[in-house]
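Data block below; observations after.
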Amino acid sequence: MIGFVIWSLLGVFIIGLGIKDMFSKNPVGFWVNTETIKVKDVKGYNRASGLLFIIYGIIFVILGIPLLDDQNTPYVLLSVIGVMVETIVIMAAYSLVIVKKYEEK
C-alpha cells in the first residue's frame, strides 16, 4: 500500500509539471540539459507539451495499481515494463508530433 502511495505521489508531481507547463509564458523544455527548440506558437506548444505530461502522469498512476496487492506479487513487472513502454511512447510522440508541428524552421 505504501508503495502505491509513493508511486501515486510521483504521478501527481508529473501531472503538476504538466499543468505548470500548460500555463507557462516561455517555451517549456522537454529534454534535460538541452536548449528548448525555437517554436512558432508558444501557447500551442506549451499546451501540447503540458497535455503530454498530464497524460503520462495519469497512465503512470494507473500502472501503479499492481502495487496495491502483495509486496512480492509478480504483477509489479507490469508496472515496470509499462512505465518503460510509456516513456518510449512519450518521447516518440514529442519528437514525431509536437516538434514537427511547432518547431520554427
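Naming scheme: A, B, ... for chains in displayed order of the C-alpha cells; residues 1 onward per chain; ligands 1 onward as shown.
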
Find the residues around Tyr94 in chain A up to 8 Å (only C-alpha atoms counted), leave out those fewer than 5 positions away in its own chain, and share them as a count of residues only. 3

Selection near Leu9 in chain A, 12 Å with only C-alpha atoms, sequence-local residues under 4 positions removed, as a PyMOL selection string: chain A and resi 2-5+13-16+57-58+60-61+64

Save out the residues we just selected, all heavy atoms, as a CSV table (one decimal), in the first residue's frame.
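Full text of out_24.csv as output:
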chain,number,residue,atom,x,y,z
A,2,ILE,N,1.9,1.3,0.8
A,2,ILE,CA,2.8,2.4,0.9
A,2,ILE,C,3.5,2.7,-0.4
A,2,ILE,O,3.7,3.8,-0.8
A,2,ILE,CB,3.8,2.4,2.1
A,2,ILE,CG1,4.5,3.7,2.3
A,2,ILE,CG2,4.8,1.3,1.9
A,2,ILE,CD1,3.8,4.6,3.2
A,3,GLY,N,3.8,1.6,-1.1
A,3,GLY,CA,4.5,1.7,-2.4
A,3,GLY,C,3.6,2.4,-3.4
A,3,GLY,O,4.0,3.2,-4.2
A,4,PHE,N,2.3,2.0,-3.4
A,4,PHE,CA,1.3,2.7,-4.3
A,4,PHE,C,1.2,4.2,-4.0
A,4,PHE,O,1.0,5.0,-4.9
A,4,PHE,CB,0.0,2.0,-4.2
A,4,PHE,CG,-1.1,2.6,-5.2
A,4,PHE,CD1,-1.0,2.5,-6.5
A,4,PHE,CD2,-2.1,3.4,-4.6
A,4,PHE,CE1,-1.9,3.1,-7.4
A,4,PHE,CE2,-3.0,4.0,-5.5
A,4,PHE,CZ,-2.9,3.8,-6.8
A,5,VAL,N,1.2,4.5,-2.7
A,5,VAL,CA,1.1,5.9,-2.3
A,5,VAL,C,2.3,6.7,-2.8
A,5,VAL,O,2.1,7.8,-3.4
A,5,VAL,CB,0.9,6.1,-0.8
A,5,VAL,CG1,1.1,7.5,-0.3
A,5,VAL,CG2,-0.4,5.4,-0.3
A,13,PHE,N,3.0,14.5,-9.1
A,13,PHE,CA,4.0,15.5,-9.3
A,13,PHE,C,4.2,15.7,-10.8
A,13,PHE,O,4.3,16.9,-11.3
A,13,PHE,CB,5.3,15.1,-8.7
A,13,PHE,CG,6.5,16.0,-9.0
A,13,PHE,CD1,6.6,17.2,-8.4
A,13,PHE,CD2,7.5,15.6,-9.9
A,13,PHE,CE1,7.6,18.1,-8.6
A,13,PHE,CE2,8.5,16.5,-10.2
A,13,PHE,CZ,8.6,17.7,-9.5
A,14,ILE,N,4.2,14.6,-11.6
A,14,ILE,CA,4.3,14.7,-13.1
A,14,ILE,C,3.1,15.5,-13.7
A,14,ILE,O,3.2,16.3,-14.6
A,14,ILE,CB,4.5,13.3,-13.7
A,14,ILE,CG1,5.8,12.7,-13.3
A,14,ILE,CG2,4.4,13.4,-15.2
A,14,ILE,CD1,6.0,11.3,-13.6
A,15,ILE,N,1.9,15.2,-13.2
A,15,ILE,CA,0.7,15.9,-13.6
A,15,ILE,C,0.8,17.4,-13.3
A,15,ILE,O,0.5,18.2,-14.1
A,15,ILE,CB,-0.6,15.3,-13.0
A,15,ILE,CG1,-0.8,13.9,-13.5
A,15,ILE,CG2,-1.8,16.1,-13.2
A,15,ILE,CD1,-1.8,13.1,-12.8
A,16,GLY,N,1.3,17.7,-12.1
A,16,GLY,CA,1.6,19.1,-11.7
A,16,GLY,C,2.5,19.8,-12.6
A,16,GLY,O,2.3,21.0,-13.0
A,57,GLY,N,1.4,11.3,-16.6
A,57,GLY,CA,1.2,11.1,-15.2
A,57,GLY,C,0.0,10.3,-14.8
A,57,GLY,O,0.0,9.4,-13.9
A,58,ILE,N,-1.1,10.4,-15.6
A,58,ILE,CA,-2.3,9.7,-15.3
A,58,ILE,C,-2.1,8.2,-15.6
A,58,ILE,O,-2.4,7.3,-14.8
A,58,ILE,CB,-3.5,10.2,-16.1
A,58,ILE,CG1,-3.9,11.6,-15.6
A,58,ILE,CG2,-4.7,9.2,-16.1
A,58,ILE,CD1,-4.9,12.3,-16.5
A,60,PHE,N,0.8,6.7,-15.6
A,60,PHE,CA,1.8,6.3,-14.6
A,60,PHE,C,1.1,5.9,-13.3
A,60,PHE,O,1.4,4.8,-12.8
A,60,PHE,CB,2.7,7.5,-14.3
A,60,PHE,CG,3.9,7.1,-13.4
A,60,PHE,CD1,5.0,6.6,-14.0
A,60,PHE,CD2,3.8,7.3,-12.0
A,60,PHE,CE1,6.1,6.3,-13.2
A,60,PHE,CE2,4.9,7.0,-11.2
A,60,PHE,CZ,6.0,6.5,-11.8
A,61,VAL,N,0.1,6.6,-12.9
A,61,VAL,CA,-0.6,6.3,-11.6
A,61,VAL,C,-1.4,5.0,-11.9
A,61,VAL,O,-1.4,4.1,-11.0
A,61,VAL,CB,-1.6,7.4,-11.2
A,61,VAL,CG1,-2.5,6.9,-10.1
A,61,VAL,CG2,-0.8,8.6,-10.7
A,64,GLY,N,0.5,1.9,-11.6
A,64,GLY,CA,0.9,1.5,-10.2
A,64,GLY,C,-0.1,0.7,-9.5
A,64,GLY,O,0.2,0.3,-8.3

Quick one: residues within 9 Å of Lys25 in chain A, only C-alpha atoms, excluding same-chain residues fewer than 6 positions away - as a ChimeraX atom specification? /A:42-43,46

I need the residues from that last selection saved to file as a compact mmCIF listing (two decimals), in the first residue's frame (with all heavy atoms), if you can.
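Below is the file that was written, part01.txt:
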# COMPACT_ATOMS: atom_id res chain seq x y z
N VAL A 42 4.08 29.53 -29.17
CA VAL A 42 4.48 29.16 -27.81
C VAL A 42 3.29 28.61 -27.02
O VAL A 42 3.42 27.58 -26.34
CB VAL A 42 5.10 30.37 -27.07
CG1 VAL A 42 5.39 30.03 -25.62
CG2 VAL A 42 6.36 30.82 -27.77
N LYS A 43 2.15 29.25 -27.12
CA LYS A 43 0.98 28.81 -26.36
C LYS A 43 0.54 27.40 -26.77
O LYS A 43 0.27 26.55 -25.93
CB LYS A 43 -0.17 29.81 -26.56
CG LYS A 43 -1.35 29.56 -25.68
CD LYS A 43 -2.39 30.66 -25.85
CE LYS A 43 -3.57 30.44 -24.93
NZ LYS A 43 -4.57 31.49 -25.07
N ASN A 46 3.28 24.83 -25.62
CA ASN A 46 3.23 24.57 -24.18
C ASN A 46 2.00 23.75 -23.81
O ASN A 46 2.05 22.88 -22.96
CB ASN A 46 3.24 25.88 -23.40
CG ASN A 46 4.60 26.51 -23.38
OD1 ASN A 46 5.59 25.91 -23.77
ND2 ASN A 46 4.65 27.75 -22.96

Backbone-only DSSP, alpha helix (DSSP H) members of range 8-100 of chain A, as an NGL selection string: :A and (8-22 or 42-63 or 76-93 or 99-100)

Kindly give the distance, in Å, that separates CA of Arg47 in chain A and CA of Ile81 in chain A, rounded to a single decimal.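 The value is 27.8 Å.
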
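Between CA of Val39 in chain A and CA of Glu104 in chain A the separation is 4.8 Å.
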
For a test of reading the model, state the distance in Å between CA of Asp70 in chain A and CA of Met84 in chain A, rounded to one decimal.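 Answer for the CA of Asp70 in chain A to CA of Met84 in chain A separation: 21.9 Å.
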
List as a list in words the protein and nucleic acid residues near Pro66 in chain A, meaning an atom at most 8 Å away when only C-alpha atoms are counted, but skip any in the same chain fewer than 3 places from it.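 Everything that qualifies: Leu63, Asp69, Thr73, Tyr75, Val76, Leu78 and Ser79 of chain A.
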
Which of these, A:Gly44, A:Leu51, A:Asn33, A:Met1, has the shortest distance to Lys101 in chain A once you count only C-alpha atoms? A:Gly44

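Excluding Ile98 in chain A itself and any same-chain residue fewer than 5 positions from it, the protein and nucleic acid residues within 9 Å of it, counting only C-alpha atoms, are Tyr45, Ala48, Ser49, Ala93 and Glu103 of chain A.
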
Atoms kept (N, CA, C and O atoms) for selection, written as a compact mmCIF listing (two decimals), in the first residue's frame:
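The result, stored in selection10.txt:
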# COMPACT_ATOMS: atom_id res chain seq x y z
N TYR A 45 2.40 25.10 -28.31
CA TYR A 45 3.48 24.17 -27.96
C TYR A 45 3.43 23.82 -26.48
O TYR A 45 3.53 22.64 -26.11
N ALA A 48 0.45 21.55 -25.76
CA ALA A 48 0.67 20.18 -26.22
C ALA A 48 1.66 19.45 -25.31
O ALA A 48 1.43 18.29 -24.94
N SER A 49 2.74 20.12 -24.93
CA SER A 49 3.73 19.50 -24.06
C SER A 49 3.15 19.24 -22.67
O SER A 49 3.38 18.17 -22.08
N ALA A 93 6.23 10.46 -29.23
CA ALA A 93 5.15 11.41 -29.51
C ALA A 93 5.67 12.84 -29.51
O ALA A 93 5.29 13.65 -30.37
N GLU A 103 7.91 23.36 -34.29
CA GLU A 103 9.27 23.87 -34.44
C GLU A 103 9.33 24.91 -35.56
O GLU A 103 8.78 24.73 -36.64
